[in-house]
Structures are given as structure tokens and as C-alpha cells.
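Participant: File upload16.cif follows (mmCIF, C-alpha atoms and all ligand atoms):
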data_structure
#
loop_
_atom_site.group_PDB
_atom_site.id
_atom_site.type_symbol
_atom_site.label_atom_id
_atom_site.label_comp_id
_atom_site.auth_asym_id
_atom_site.auth_seq_id
_atom_site.Cartn_x
_atom_site.Cartn_y
_atom_site.Cartn_z
ATOM 1 C CA MET A 1 10.005 -12.360 28.210
ATOM 2 C CA ALA A 2 8.740 -11.158 24.862
ATOM 3 C CA ASN A 3 5.780 -8.819 25.130
ATOM 4 C CA LEU A 4 4.010 -10.276 22.096
ATOM 5 C CA SER A 5 3.144 -13.731 23.286
ATOM 6 C CA THR A 6 -0.089 -14.639 21.491
ATOM 7 C CA PRO A 7 -1.162 -15.017 17.843
ATOM 8 C CA ARG A 8 -3.882 -12.424 18.551
ATOM 9 C CA GLY A 9 -1.259 -9.951 19.794
ATOM 10 C CA LEU A 10 0.892 -10.570 16.734
ATOM 11 C CA PHE A 11 -2.127 -10.148 14.445
ATOM 12 C CA LEU A 12 -3.001 -6.808 16.068
ATOM 13 C CA HIS A 13 0.602 -5.658 15.781
ATOM 14 C CA GLU A 14 0.667 -6.473 12.073
ATOM 15 C CA LEU A 15 -2.720 -4.843 11.632
ATOM 16 C CA GLY A 16 -1.240 -1.695 13.197
ATOM 17 C CA ASP A 17 1.615 -1.952 10.732
ATOM 18 C CA ILE A 18 -0.671 -1.951 7.697
ATOM 19 C CA LEU A 19 -2.759 0.835 9.270
ATOM 20 C CA PHE A 20 0.416 2.933 9.394
ATOM 21 C CA VAL A 21 1.100 2.167 5.720
ATOM 22 C CA GLU A 22 -2.446 2.944 4.553
ATOM 23 C CA GLN A 23 -2.594 6.184 6.548
ATOM 24 C CA LYS A 24 0.757 7.351 5.130
ATOM 25 C CA LEU A 25 -0.344 6.468 1.610
ATOM 26 C CA ALA A 26 -3.719 8.207 1.924
ATOM 27 C CA GLY A 27 -2.513 11.273 3.798
ATOM 28 C CA GLU A 28 0.831 11.976 2.216
ATOM 29 C CA VAL A 29 2.402 9.605 -0.288
ATOM 30 C CA LEU A 30 -0.308 9.186 -2.942
ATOM 31 C CA PRO A 31 -1.263 12.907 -2.973
ATOM 32 C CA THR A 32 2.442 13.735 -3.519
ATOM 33 C CA LEU A 33 2.795 11.173 -6.317
ATOM 34 C CA ILE A 34 -0.353 12.517 -7.986
ATOM 35 C CA GLU A 35 1.262 15.965 -8.064
ATOM 36 C CA GLU A 36 4.654 14.838 -9.297
ATOM 37 C CA VAL A 37 3.841 12.372 -12.104
ATOM 38 C CA GLN A 38 3.614 13.664 -15.660
ATOM 39 C CA GLY A 39 1.504 11.000 -17.393
ATOM 40 C CA ASP A 40 -2.277 11.499 -17.372
ATOM 41 C CA ASP A 41 -3.132 7.782 -17.263
ATOM 42 C CA PHE A 42 -0.727 7.233 -14.399
ATOM 43 C CA ARG A 43 -2.152 10.228 -12.507
ATOM 44 C CA LYS A 44 -5.719 8.938 -12.978
ATOM 45 C CA GLU A 45 -4.752 5.509 -11.712
ATOM 46 C CA LEU A 46 -3.075 7.007 -8.631
ATOM 47 C CA ALA A 47 -6.147 9.154 -7.942
ATOM 48 C CA ARG A 48 -8.381 6.100 -8.234
ATOM 49 C CA HIS A 49 -6.164 4.185 -5.821
ATOM 50 C CA LEU A 50 -6.089 7.130 -3.394
ATOM 51 C CA LYS A 51 -9.876 6.818 -3.057
ATOM 52 C CA GLN A 52 -9.574 3.064 -2.538
ATOM 53 C CA THR A 53 -6.806 3.610 0.007
ATOM 54 C CA ARG A 54 -9.060 5.818 2.147
ATOM 55 C CA GLY A 55 -11.442 2.852 2.160
ATOM 56 C CA HIS A 56 -8.573 0.572 3.201
ATOM 57 C CA VAL A 57 -7.960 2.740 6.270
ATOM 58 C CA THR A 58 -11.657 2.466 7.161
ATOM 59 C CA ASN A 59 -11.672 -1.312 6.698
ATOM 60 C CA VAL A 60 -8.562 -1.813 8.823
ATOM 61 C CA LYS A 61 -10.118 0.289 11.601
ATOM 62 C CA LYS A 62 -13.266 -1.863 11.381
ATOM 63 C CA VAL A 63 -11.120 -4.959 11.867
ATOM 64 C CA PHE A 64 -9.692 -3.421 15.059
ATOM 65 C CA ASP A 65 -13.317 -2.882 16.154
ATOM 66 C CA LEU A 66 -14.159 -6.528 15.517
ATOM 67 C CA PHE A 67 -11.334 -7.433 17.903
ATOM 68 C CA ASP A 68 -12.600 -4.871 20.456
ATOM 69 C CA GLU A 69 -9.422 -2.877 20.171
ATOM 70 C CA GLU A 70 -8.681 0.795 19.526
ATOM 71 C CA PRO A 71 -7.014 1.269 16.121
ATOM 72 C CA GLU A 72 -3.345 1.882 16.757
ATOM 73 C CA ALA A 73 -0.801 2.450 13.985
ATOM 74 C CA GLU A 74 2.636 0.834 14.385
ATOM 75 C CA LYS A 75 5.510 2.481 12.575
ATOM 76 C CA CYS A 76 6.223 0.191 9.621
ATOM 77 C CA LEU A 77 9.964 0.160 8.944
ATOM 78 C CA GLY A 78 9.596 -1.804 5.709
ATOM 79 C CA PHE A 79 7.382 0.874 4.204
ATOM 80 C CA GLU A 80 9.567 3.681 5.568
ATOM 81 C CA GLY A 81 12.501 2.012 3.804
ATOM 82 C CA LEU A 82 10.639 1.844 0.496
ATOM 83 C CA LYS A 83 9.655 5.483 0.847
ATOM 84 C CA LYS A 84 13.176 6.605 1.725
ATOM 85 C CA GLU A 85 14.619 4.737 -1.230
ATOM 86 C CA HIS A 86 12.076 6.374 -3.533
ATOM 87 C CA ASP A 87 12.700 9.868 -2.138
ATOM 88 C CA GLU A 88 16.475 9.557 -2.492
ATOM 89 C CA LEU A 89 16.263 8.205 -6.027
ATOM 90 C CA LEU A 90 13.816 10.925 -7.021
ATOM 91 C CA SER A 91 16.193 13.635 -5.824
ATOM 92 C CA GLU A 92 18.866 12.234 -8.156
ATOM 93 C CA VAL A 93 16.961 11.673 -11.404
ATOM 94 C CA ASP A 94 16.175 13.930 -14.311
ATOM 95 C CA ASP A 95 12.530 15.121 -14.510
ATOM 96 C CA SER A 96 11.994 12.943 -17.591
ATOM 97 C CA LEU A 97 12.496 9.836 -15.421
ATOM 98 C CA ILE A 98 10.073 10.696 -12.606
ATOM 99 C CA ASP A 99 7.239 8.502 -13.885
ATOM 100 C CA LEU A 100 9.530 5.499 -14.238
ATOM 101 C CA VAL A 101 10.810 5.951 -10.686
ATOM 102 C CA ASP A 102 7.284 6.395 -9.338
ATOM 103 C CA ALA A 103 5.905 3.412 -11.260
ATOM 104 C CA GLY A 104 8.669 1.242 -9.780
ATOM 105 C CA ALA A 105 7.987 2.510 -6.261
ATOM 106 C CA ALA A 106 4.225 2.037 -6.651
ATOM 107 C CA THR A 107 4.746 -1.535 -7.867
ATOM 108 C CA ARG A 108 6.958 -2.379 -4.881
ATOM 109 C CA THR A 109 4.445 -0.832 -2.486
ATOM 110 C CA GLU A 110 1.536 -2.844 -3.901
ATOM 111 C CA HIS A 111 3.578 -6.043 -3.560
ATOM 112 C CA TYR A 112 4.301 -5.108 0.043
ATOM 113 C CA GLU A 113 0.617 -4.509 0.797
ATOM 114 C CA ILE A 114 -0.413 -7.732 -0.943
ATOM 115 C CA ALA A 115 2.053 -9.726 1.180
ATOM 116 C CA ALA A 116 0.838 -8.006 4.350
ATOM 117 C CA TYR A 117 -2.875 -8.580 3.651
ATOM 118 C CA SER A 118 -2.320 -12.190 2.576
ATOM 119 C CA GLY A 119 -0.664 -12.915 5.926
ATOM 120 C CA LEU A 120 -3.310 -11.018 7.903
ATOM 121 C CA ILE A 121 -6.118 -12.905 6.145
ATOM 122 C CA GLU A 122 -4.611 -16.265 7.032
ATOM 123 C CA MET A 123 -4.164 -15.162 10.631
ATOM 124 C CA ALA A 124 -7.713 -13.758 10.903
ATOM 125 C CA ARG A 125 -9.009 -17.058 9.550
ATOM 126 C CA GLY A 126 -6.957 -18.925 12.144
ATOM 127 C CA LEU A 127 -8.314 -16.661 14.870
ATOM 128 C CA GLY A 128 -11.887 -17.507 13.823
ATOM 129 C CA GLN A 129 -12.867 -14.005 12.584
ATOM 130 C CA PRO A 130 -14.684 -14.425 9.248
ATOM 131 C CA GLU A 131 -15.900 -10.809 9.176
ATOM 132 C CA ALA A 132 -12.320 -9.594 9.530
ATOM 133 C CA VAL A 133 -11.318 -11.986 6.734
ATOM 134 C CA SER A 134 -13.939 -10.424 4.423
ATOM 135 C CA LEU A 135 -12.833 -6.847 5.147
ATOM 136 C CA LEU A 136 -9.176 -7.709 4.619
ATOM 137 C CA GLU A 137 -10.034 -9.577 1.413
ATOM 138 C CA GLU A 138 -11.759 -6.438 0.068
ATOM 139 C CA ASN A 139 -8.510 -4.542 0.556
ATOM 140 C CA LEU A 140 -6.400 -7.345 -0.922
ATOM 141 C CA LYS A 141 -8.559 -7.465 -4.044
ATOM 142 C CA GLU A 142 -8.058 -3.738 -4.659
ATOM 143 C CA GLU A 143 -4.308 -3.988 -4.032
ATOM 144 C CA LYS A 144 -4.107 -6.691 -6.698
ATOM 145 C CA GLU A 145 -6.059 -4.513 -9.148
ATOM 146 C CA ALA A 146 -3.779 -1.566 -8.364
ATOM 147 C CA LEU A 147 -0.705 -3.748 -8.882
ATOM 148 C CA HIS A 148 -1.900 -4.775 -12.344
ATOM 149 C CA ALA A 149 -2.648 -1.146 -13.206
ATOM 150 C CA VAL A 150 0.763 0.194 -12.126
ATOM 151 C CA GLU A 151 2.511 -2.721 -13.799
ATOM 152 C CA SER A 152 0.852 -1.816 -17.054
ATOM 153 C CA VAL A 153 1.847 1.854 -16.606
ATOM 154 C CA ALA A 154 5.436 0.746 -15.927
ATOM 155 C CA LYS A 155 5.410 -1.536 -18.957
ATOM 156 C CA SER A 156 4.295 1.185 -21.351
ATOM 157 C CA LEU A 157 6.914 3.576 -19.960
ATOM 158 C CA ARG A 158 9.604 0.940 -20.499
ATOM 159 C CA ASP A 159 8.285 0.207 -23.991
ATOM 160 C CA GLU A 160 8.625 3.917 -24.787
ATOM 161 C CA LEU A 161 12.267 3.719 -23.699
ATOM 162 C CA LYS A 162 12.842 0.870 -26.127
ATOM 163 C CA SER A 163 11.328 2.748 -29.049
ATOM 164 C CA GLY A 164 13.296 5.864 -28.060
ATOM 165 C CA ALA A 165 16.533 3.898 -28.028
ATOM 166 C CA SER A 166 16.118 2.436 -31.505
HETATM 167 FE FE FE B 201 -3.985 -0.188 0.469
HETATM 168 FE FE FE B 202 -2.234 -0.104 -2.533
#
Would it be possible to restate this file's structure as C-alpha cells?
Facilitator:
Amino acid sequence: MANLSTPRGLFLHELGDILFVEQKLAGEVLPTLIEEVQGDDFRKELARHLKQTRGHVTNVKKVFDLFDEEPEAEKCLGFEGLKKEHDELLSEVDDSLIDLVDAGAATRTEHYEIAAYSGLIEMARGLGQPEAVSLLEENLKEEKEALHAVESVAKSLRDELKSGAS
């Protein structure tokens, strides 16, 4: 028999998944990106999102509390895949392309987080936990802002390519 047999159990599993992602981003991935990107605006945006991401970790842990559970991170294979793809691509590209690679990876990551939080919010609502819904919505709102910011960084980098090519 499957060991995840209730919606609550599935919710907590997926919450552990996003905890893994947020902890990796706050502790390792965003600090590395901040060091490697060349553009000042991009670096500032990443630094701003690093601060927000530390708050996301706190909020996710609070949601575990609301469910009377110890926060437990679950290794998120989807995120590990995104990270691996980024790391491999980065090792192959010229330094002049780092920001484009990182903007693409950041955009994919924000989409991933947005999908995860949207699902968690619906589940928390279904489980009758309005306080958890509010905390998860705070995170979702900041992921959407971060997505718009990295999309605009990516767009200006691609626009520069166009003007360089003409
Ligand atoms: Fe986040
Ligand atoms: Fe994010």
C-alpha cells in the first residue's frame, strides 16, 4: 500500500518539497548567482529576491507549525534537474553569455515555484487552513514579482543581442 494515503500527507510532502527548494535557493543558489552575474541591475534583483527567499523559508516553516508538524525538507528532483541543467550549460558557455543563461534559469525557477505555491494554496484551502493559505499567498505574490523582474532582465539582454547583431 502507498505510504501517502491522505490529502494532508500529500500536502505536507509537497510542502517539504518547496522547503527544500527555498533552502537551496537561500543557502546556495542565489548567493552563487549573485557572484557570477555581470549586470548590476540583475545582481540587485537577485539580492532583493535572496532576502525575500529567506522569508519564504520562514513562512513555509510556519505552515508546518500550523499543521503541528516538524519542518522536513524533501529532496525536490524537479529543482535538482533545473539546477543541473543550469550548471552544465554554464560550464559550456563563454563568460559573455553568463547573464543570459542565469536569466533563463531564474525564469524557469520562478515558474516552478509559482506552480508549486499555486497547488499548495488550493490544497491548504481544501484542508481548511486559512492561515496557511495567507502565508503561502505571501510567498506566491513575491515569486510573481520576481518572475516579472527576471523576465524584464532577460528581455533587455535579448534586446542587446538584437542590436549587436544588426
Ligand atoms: Fe521562493
Ligand atoms: Fe523565487
Participant: A:Ile18, A:Ala73, A:Ala154, A:Val133: which is nearest Ile98 in chain A, counting only C-alpha atoms?
Facilitator: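 The closest residue to Ile98 in chain A is A:Ala154.
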Participant: Could you name the residues that touch range 77-86 of chain A at 7 Å or less, counting all atoms listed in the file, but leaving out those on the same chain fewer than 2 positions away, as an NGL selection string?
Facilitator: :A and (21 or 75 or 88-90 or 105)
Participant: Restricting the calculation to all atoms listed in the file: of A:Glu92, A:Glu122, A:Glu22, A:Glu151, which residue gets closest to ligand FE 202 (chain B)?
Facilitator: A:Glu22
Participant: Do you know which residues are within 10 Å of ligand FE 202 (chain B) using only C-alpha atoms and all ligand atoms? Can you write them as an NGL selection string?
Facilitator: :A and (21-22 or 25-26 or 30 or 46 or 49-50 or 52-53 or 56 or 106-114 or 139-147)
Participant: Can you give me, as a list of chain:residue names, the residues this file yields under the PyMOL selection byres (((chain A and resi 7) around 12) and not hetatm)?
Facilitator: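 Residues picked by the PyMOL selection byres (((chain A and resi 7) around 12) and not hetatm): A:Asn3, A:Leu4, A:Ser5, A:Thr6, A:Arg8, A:Gly9, A:Leu10, A:Phe11, A:Leu12, A:His13, A:Glu14, A:Leu120, A:Glu122, A:Met123, A:Ala124, A:Arg125, A:Gly126, A:Leu127, A:Gly128.
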Participant: Would you work out the distance separating CA of Asp65 in chain A from CA of Gly119 in chain A, expressed in Å to one decimal?
Facilitator: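 Taking CA of Asp65 in chain A as the start and CA of Gly119 in chain A as the end point, the length is 19.1 Å.
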Participant: Just the number, please: distance in Å from CA of Gln38 in chain A to CA of Ser96 in chain A, one decimal.
Facilitator: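 If I compute the distance from CA of Gln38 in chain A to CA of Ser96 in chain A, I get 8.6 Å.
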Participant: Give the answer as one residue: which of A:Leu19, A:Cys76, A:Leu33, A:Leu157 has the shortest atom-to-atom distance to ligand FE 201 (chain B), using all atoms listed in the file?
Facilitator: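 Closest residue, counting all atoms listed in the file: A:Leu19.
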Participant: A:Lys162, A:His148, A:Arg54, A:Arg43: which is nearest ligand FE 201 (chain B), counting only C-alpha atoms and all ligand atoms?
Facilitator: A:Arg54
